[in-house]
$ cat query.pdb   # PDB, C-alpha atoms
ATOM      1  CA  MET A   1     113.034 104.324 110.936  1.00  0.00           C
ATOM      2  CA  ILE A   2     112.485 107.633 112.732  1.00  0.00           C
ATOM      3  CA  VAL A   3     113.494 110.614 110.619  1.00  0.00           C
ATOM      4  CA  ARG A   4     114.182 114.026 112.131  1.00  0.00           C
ATOM      5  CA  ARG A   5     114.371 117.174 109.998  1.00  0.00           C
ATOM      6  CA  ARG A   6     114.651 120.897 110.700  1.00  0.00           C
ATOM      7  CA  THR A   7     112.800 121.907 107.538  1.00  0.00           C
ATOM      8  CA  TRP A   8     109.433 120.497 106.541  1.00  0.00           C
ATOM      9  CA  THR A   9     107.168 121.285 103.600  1.00  0.00           C
ATOM     10  CA  TYR A  10     103.413 120.946 104.060  1.00  0.00           C
ATOM     11  CA  ARG A  11     100.113 121.583 102.283  1.00  0.00           C
ATOM     12  CA  LEU A  12      96.895 122.358 104.128  1.00  0.00           C
ATOM     13  CA  SER A  13      93.381 121.668 102.900  1.00  0.00           C
ATOM     14  CA  GLY A  14      92.343 124.179 100.255  1.00  0.00           C
ATOM     15  CA  GLN A  15      95.907 125.231  99.412  1.00  0.00           C
ATOM     16  CA  ASP A  16      97.158 124.755  95.862  1.00  0.00           C
ATOM     17  CA  PHE A  17     100.827 125.138  96.740  1.00  0.00           C
ATOM     18  CA  ALA A  18     103.029 123.768  99.499  1.00  0.00           C
ATOM     19  CA  ARG A  19     104.681 125.966 102.130  1.00  0.00           C
ATOM     20  CA  THR A  20     107.843 125.468 104.167  1.00  0.00           C
ATOM     21  CA  ILE A  21     108.271 125.588 107.934  1.00  0.00           C
ATOM     22  CA  SER A  22     111.605 125.431 109.789  1.00  0.00           C
ATOM     23  CA  PHE A  23     112.376 124.588 113.401  1.00  0.00           C
ATOM     24  CA  ASP A  24     115.381 125.336 115.617  1.00  0.00           C
ATOM     25  CA  MET A  25     115.867 121.634 116.364  1.00  0.00           C
ATOM     26  CA  PRO A  26     115.261 118.591 114.130  1.00  0.00           C
ATOM     27  CA  LEU A  27     111.760 117.138 114.647  1.00  0.00           C
ATOM     28  CA  THR A  28     109.985 113.973 113.600  1.00  0.00           C
ATOM     29  CA  ALA A  29     107.069 114.189 111.173  1.00  0.00           C
ATOM     30  CA  GLN A  30     104.645 113.649 114.060  1.00  0.00           C
ATOM     31  CA  LYS A  31     106.050 116.588 116.063  1.00  0.00           C
ATOM     32  CA  ALA A  32     106.017 118.820 112.963  1.00  0.00           C
ATOM     33  CA  ARG A  33     102.403 117.774 112.288  1.00  0.00           C
ATOM     34  CA  GLU A  34     101.454 118.537 115.927  1.00  0.00           C
ATOM     35  CA  SER A  35     103.032 121.996 115.636  1.00  0.00           C
ATOM     36  CA  LEU A  36     101.044 122.702 112.462  1.00  0.00           C
ATOM     37  CA  ILE A  37      97.828 121.573 114.170  1.00  0.00           C
ATOM     38  CA  ARG A  38      98.522 123.925 117.112  1.00  0.00           C
ATOM     39  CA  THR A  39      99.286 126.794 114.727  1.00  0.00           C
ATOM     40  CA  PHE A  40      96.505 126.368 112.152  1.00  0.00           C
ATOM     41  CA  GLY A  41      93.943 124.238 114.010  1.00  0.00           C
ATOM     42  CA  THR A  42      93.971 121.554 111.308  1.00  0.00           C
ATOM     43  CA  ALA A  43      96.251 118.738 110.230  1.00  0.00           C
ATOM     44  CA  PRO A  44      98.190 119.087 106.968  1.00  0.00           C
ATOM     45  CA  LEU A  45      97.008 117.021 104.002  1.00  0.00           C
ATOM     46  CA  GLU A  46     100.623 116.343 103.052  1.00  0.00           C
ATOM     47  CA  ILE A  47     103.983 116.789 104.768  1.00  0.00           C
ATOM     48  CA  TRP A  48     107.461 116.228 103.330  1.00  0.00           C
ATOM     49  CA  GLY A  49     110.901 116.114 104.899  1.00  0.00           C
ATOM     50  CA  ASN A  50     114.095 117.063 103.062  1.00  0.00           C
ATOM     51  CA  THR A  51     117.064 114.694 103.084  1.00  0.00           C
ATOM     52  CA  THR A  52     120.219 115.989 104.772  1.00  0.00           C
ATOM     53  CA  GLY A  53     122.295 115.462 101.640  1.00  0.00           C
ATOM     54  CA  GLY A  54     120.272 117.908  99.561  1.00  0.00           C
ATOM     55  CA  GLY A  55     118.434 115.142  97.742  1.00  0.00           C
ATOM     56  CA  ALA A  56     114.830 114.934  96.626  1.00  0.00           C
ATOM     57  CA  TRP A  57     111.874 115.698  98.880  1.00  0.00           C
ATOM     58  CA  GLN A  58     110.365 112.628 100.505  1.00  0.00           C
ATOM     59  CA  PRO A  59     106.547 112.688 100.831  1.00  0.00           C
ATOM     60  CA  LEU A  60     105.168 111.229 104.044  1.00  0.00           C
ATOM     61  CA  PRO A  61     101.574 109.988 104.335  1.00  0.00           C
ATOM     62  CA  ALA A  62      99.112 112.287 106.082  1.00  0.00           C
ATOM     63  CA  ARG A  63      97.247 110.997 109.124  1.00  0.00           C
ATOM     64  CA  ARG A  64      93.500 111.296 109.101  1.00  0.00           C
TER      65      ARG A  64
END
$ encode --input "query.pdb" --output "structure tokens"
Amino acid sequence: MIVRRRTWTYRLSGQDFARTISFDMPLTAQKARESLIRTFGTAPLEIWGNTTGGGAWQPLPARR
């Protein structure tokens, strides 16, 4: 199942706390990860997408 979200939460290497990033259009986890790599030069250790119904955060596995 391909999931698209506008808001993603991520944690980079060396960070203790997660941060949030938002996009104008819903993106897949891969596109959000690619945007973070372009911005910070490194892939996030963890990335989560929020459900549209305001439910719990869903962790997605990081690619290495």
$ atom_distance --input "query.pdb" --atom1 "CA of Met25 in chain A" --atom2 "CA of Arg6 in chain A"
5.8 Å
$ resolve_selection --input "query.pdb" --expression "the PyMOL selection byres ((chain A and resi 47) around 6)" --output "number ranges by chain"
A: 9-10, 46, 48, 60
$ resolve_selection --input "query.pdb" --expression "the PyMOL selection byres ((chain A and resi 43) around 10)" --output "ChimeraX atom specification"
/A:10-13,33-42,44-47,62-64
$ write_last_selection --input "query.pdb" --atoms "C-alpha atoms" --output "PDB file, keeping the file's coordinate frame"
ATOM      1  CA  TYR A  10     103.413 120.946 104.060  1.00  0.00           C
ATOM      2  CA  ARG A  11     100.113 121.583 102.283  1.00  0.00           C
ATOM      3  CA  LEU A  12      96.895 122.358 104.128  1.00  0.00           C
ATOM      4  CA  SER A  13      93.381 121.668 102.900  1.00  0.00           C
ATOM      5  CA  ARG A  33     102.403 117.774 112.288  1.00  0.00           C
ATOM      6  CA  GLU A  34     101.454 118.537 115.927  1.00  0.00           C
ATOM      7  CA  SER A  35     103.032 121.996 115.636  1.00  0.00           C
ATOM      8  CA  LEU A  36     101.044 122.702 112.462  1.00  0.00           C
ATOM      9  CA  ILE A  37      97.828 121.573 114.170  1.00  0.00           C
ATOM     10  CA  ARG A  38      98.522 123.925 117.112  1.00  0.00           C
ATOM     11  CA  THR A  39      99.286 126.794 114.727  1.00  0.00           C
ATOM     12  CA  PHE A  40      96.505 126.368 112.152  1.00  0.00           C
ATOM     13  CA  GLY A  41      93.943 124.238 114.010  1.00  0.00           C
ATOM     14  CA  THR A  42      93.971 121.554 111.308  1.00  0.00           C
ATOM     15  CA  PRO A  44      98.190 119.087 106.968  1.00  0.00           C
ATOM     16  CA  LEU A  45      97.008 117.021 104.002  1.00  0.00           C
ATOM     17  CA  GLU A  46     100.623 116.343 103.052  1.00  0.00           C
ATOM     18  CA  ILE A  47     103.983 116.789 104.768  1.00  0.00           C
ATOM     19  CA  ALA A  62      99.112 112.287 106.082  1.00  0.00           C
ATOM     20  CA  ARG A  63      97.247 110.997 109.124  1.00  0.00           C
ATOM     21  CA  ARG A  64      93.500 111.296 109.101  1.00  0.00           C
TER      22      ARG A  64
END
$ resolve_selection --input "query.pdb" --expression "the PyMOL selection byres ((chain A and resi 4) around 9)" --output "compact mmCIF listing (two decimals) with C-alpha atoms, in the coordinates of the input"
# COMPACT_ATOMS: atom_id res chain seq x y z
CA ILE A 2 112.48 107.63 112.73
CA VAL A 3 113.49 110.61 110.62
CA ARG A 5 114.37 117.17 110.00
CA ARG A 6 114.65 120.90 110.70
CA MET A 25 115.87 121.63 116.36
CA PRO A 26 115.26 118.59 114.13
CA LEU A 27 111.76 117.14 114.65
CA THR A 28 109.98 113.97 113.60
CA ALA A 29 107.07 114.19 111.17
CA GLY A 49 110.90 116.11 104.90
$ axis_aligned_box --input "query.pdb" --around "range 4-15 of chain A" --padding-each-side "3 Å" --output "AutoDock Vina command-line options"
--center_x 103.5 --center_y 119.6 --center_z 105.8 --size_x 28.3 --size_y 17.2 --size_z 18.7
$ build_atoms --input "query.pdb" --residues "range 6-35 of chain A" --atoms "N, CA and C atoms" --output "PDB file, keeping the file's coordinate frame"
ATOM      1  N   ARG A   6     114.895 119.525 110.244  1.00  0.00           N
ATOM      2  CA  ARG A   6     114.651 120.897 110.700  1.00  0.00           C
ATOM      3  C   ARG A   6     113.652 121.597 109.793  1.00  0.00           C
ATOM      4  N   THR A   7     113.661 121.248 108.521  1.00  0.00           N
ATOM      5  CA  THR A   7     112.800 121.907 107.538  1.00  0.00           C
ATOM      6  C   THR A   7     111.790 120.912 106.993  1.00  0.00           C
ATOM      7  N   TRP A   8     110.527 121.319 107.035  1.00  0.00           N
ATOM      8  CA  TRP A   8     109.433 120.497 106.541  1.00  0.00           C
ATOM      9  C   TRP A   8     108.610 121.318 105.554  1.00  0.00           C
ATOM     10  N   THR A   9     108.083 120.664 104.552  1.00  0.00           N
ATOM     11  CA  THR A   9     107.168 121.285 103.600  1.00  0.00           C
ATOM     12  C   THR A   9     105.808 120.636 103.799  1.00  0.00           C
ATOM     13  N   TYR A  10     104.757 121.457 103.794  1.00  0.00           N
ATOM     14  CA  TYR A  10     103.413 120.946 104.060  1.00  0.00           C
ATOM     15  C   TYR A  10     102.408 121.624 103.140  1.00  0.00           C
ATOM     16  N   ARG A  11     101.236 121.015 103.030  1.00  0.00           N
ATOM     17  CA  ARG A  11     100.113 121.583 102.283  1.00  0.00           C
ATOM     18  C   ARG A  11      98.856 121.356 103.101  1.00  0.00           C
ATOM     19  N   LEU A  12      98.154 122.433 103.391  1.00  0.00           N
ATOM     20  CA  LEU A  12      96.895 122.358 104.128  1.00  0.00           C
ATOM     21  C   LEU A  12      95.725 122.202 103.167  1.00  0.00           C
ATOM     22  N   SER A  13      94.591 121.810 103.699  1.00  0.00           N
ATOM     23  CA  SER A  13      93.381 121.668 102.900  1.00  0.00           C
ATOM     24  C   SER A  13      93.033 123.008 102.256  1.00  0.00           C
ATOM     25  N   GLY A  14      92.713 122.975 100.975  1.00  0.00           N
ATOM     26  CA  GLY A  14      92.343 124.179 100.255  1.00  0.00           C
ATOM     27  C   GLY A  14      93.510 124.949  99.659  1.00  0.00           C
ATOM     28  N   GLN A  15      94.733 124.555  99.971  1.00  0.00           N
ATOM     29  CA  GLN A  15      95.907 125.231  99.412  1.00  0.00           C
ATOM     30  C   GLN A  15      96.348 124.527  98.138  1.00  0.00           C
ATOM     31  N   ASP A  16      96.665 125.322  97.117  1.00  0.00           N
ATOM     32  CA  ASP A  16      97.158 124.755  95.862  1.00  0.00           C
ATOM     33  C   ASP A  16      98.647 124.475  95.906  1.00  0.00           C
ATOM     34  N   PHE A  17      99.379 125.261  96.712  1.00  0.00           N
ATOM     35  CA  PHE A  17     100.827 125.138  96.740  1.00  0.00           C
ATOM     36  C   PHE A  17     101.316 124.815  98.146  1.00  0.00           C
ATOM     37  N   ALA A  18     102.430 124.131  98.212  1.00  0.00           N
ATOM     38  CA  ALA A  18     103.029 123.768  99.499  1.00  0.00           C
ATOM     39  C   ALA A  18     103.786 124.952 100.091  1.00  0.00           C
ATOM     40  N   ARG A  19     103.927 124.945 101.390  1.00  0.00           N
ATOM     41  CA  ARG A  19     104.681 125.966 102.130  1.00  0.00           C
ATOM     42  C   ARG A  19     105.737 125.270 102.973  1.00  0.00           C
ATOM     43  N   THR A  20     106.742 126.023 103.389  1.00  0.00           N
ATOM     44  CA  THR A  20     107.843 125.468 104.167  1.00  0.00           C
ATOM     45  C   THR A  20     107.812 126.028 105.580  1.00  0.00           C
ATOM     46  N   ILE A  21     108.141 125.173 106.542  1.00  0.00           N
ATOM     47  CA  ILE A  21     108.271 125.588 107.934  1.00  0.00           C
ATOM     48  C   ILE A  21     109.599 125.040 108.448  1.00  0.00           C
ATOM     49  N   SER A  22     110.310 125.844 109.230  1.00  0.00           N
ATOM     50  CA  SER A  22     111.605 125.431 109.789  1.00  0.00           C
ATOM     51  C   SER A  22     111.547 125.512 111.307  1.00  0.00           C
ATOM     52  N   PHE A  23     112.299 124.648 111.950  1.00  0.00           N
ATOM     53  CA  PHE A  23     112.376 124.588 113.401  1.00  0.00           C
ATOM     54  C   PHE A  23     113.827 124.743 113.839  1.00  0.00           C
ATOM     55  N   ASP A  24     114.025 125.173 115.086  1.00  0.00           N
ATOM     56  CA  ASP A  24     115.381 125.336 115.617  1.00  0.00           C
ATOM     57  C   ASP A  24     116.087 123.996 115.786  1.00  0.00           C
ATOM     58  N   MET A  25     115.312 122.975 116.151  1.00  0.00           N
ATOM     59  CA  MET A  25     115.867 121.634 116.364  1.00  0.00           C
ATOM     60  C   MET A  25     115.198 120.663 115.402  1.00  0.00           C
ATOM     61  N   PRO A  26     115.885 119.604 114.991  1.00  0.00           N
ATOM     62  CA  PRO A  26     115.261 118.591 114.130  1.00  0.00           C
ATOM     63  C   PRO A  26     114.076 117.921 114.842  1.00  0.00           C
ATOM     64  N   LEU A  27     112.972 117.763 114.115  1.00  0.00           N
ATOM     65  CA  LEU A  27     111.760 117.138 114.647  1.00  0.00           C
ATOM     66  C   LEU A  27     111.334 115.973 113.779  1.00  0.00           C
ATOM     67  N   THR A  28     110.593 115.047 114.374  1.00  0.00           N
ATOM     68  CA  THR A  28     109.985 113.973 113.600  1.00  0.00           C
ATOM     69  C   THR A  28     108.768 114.534 112.867  1.00  0.00           C
ATOM     70  N   ALA A  29     108.257 113.773 111.918  1.00  0.00           N
ATOM     71  CA  ALA A  29     107.069 114.189 111.173  1.00  0.00           C
ATOM     72  C   ALA A  29     105.882 114.386 112.117  1.00  0.00           C
ATOM     73  N   GLN A  30     105.759 113.537 113.112  1.00  0.00           N
ATOM     74  CA  GLN A  30     104.645 113.649 114.060  1.00  0.00           C
ATOM     75  C   GLN A  30     104.725 114.958 114.839  1.00  0.00           C
ATOM     76  N   LYS A  31     105.899 115.334 115.310  1.00  0.00           N
ATOM     77  CA  LYS A  31     106.050 116.588 116.063  1.00  0.00           C
ATOM     78  C   LYS A  31     105.813 117.791 115.157  1.00  0.00           C
ATOM     79  N   ALA A  32     106.275 117.729 113.913  1.00  0.00           N
ATOM     80  CA  ALA A  32     106.017 118.820 112.963  1.00  0.00           C
ATOM     81  C   ALA A  32     104.522 118.933 112.691  1.00  0.00           C
ATOM     82  N   ARG A  33     103.857 117.793 112.517  1.00  0.00           N
ATOM     83  CA  ARG A  33     102.403 117.774 112.288  1.00  0.00           C
ATOM     84  C   ARG A  33     101.664 118.371 113.493  1.00  0.00           C
ATOM     85  N   GLU A  34     102.085 118.003 114.720  1.00  0.00           N
ATOM     86  CA  GLU A  34     101.454 118.537 115.927  1.00  0.00           C
ATOM     87  C   GLU A  34     101.627 120.052 116.014  1.00  0.00           C
ATOM     88  N   SER A  35     102.789 120.552 115.639  1.00  0.00           N
ATOM     89  CA  SER A  35     103.032 121.996 115.636  1.00  0.00           C
ATOM     90  C   SER A  35     102.123 122.706 114.634  1.00  0.00           C
TER      91      SER A  35
END
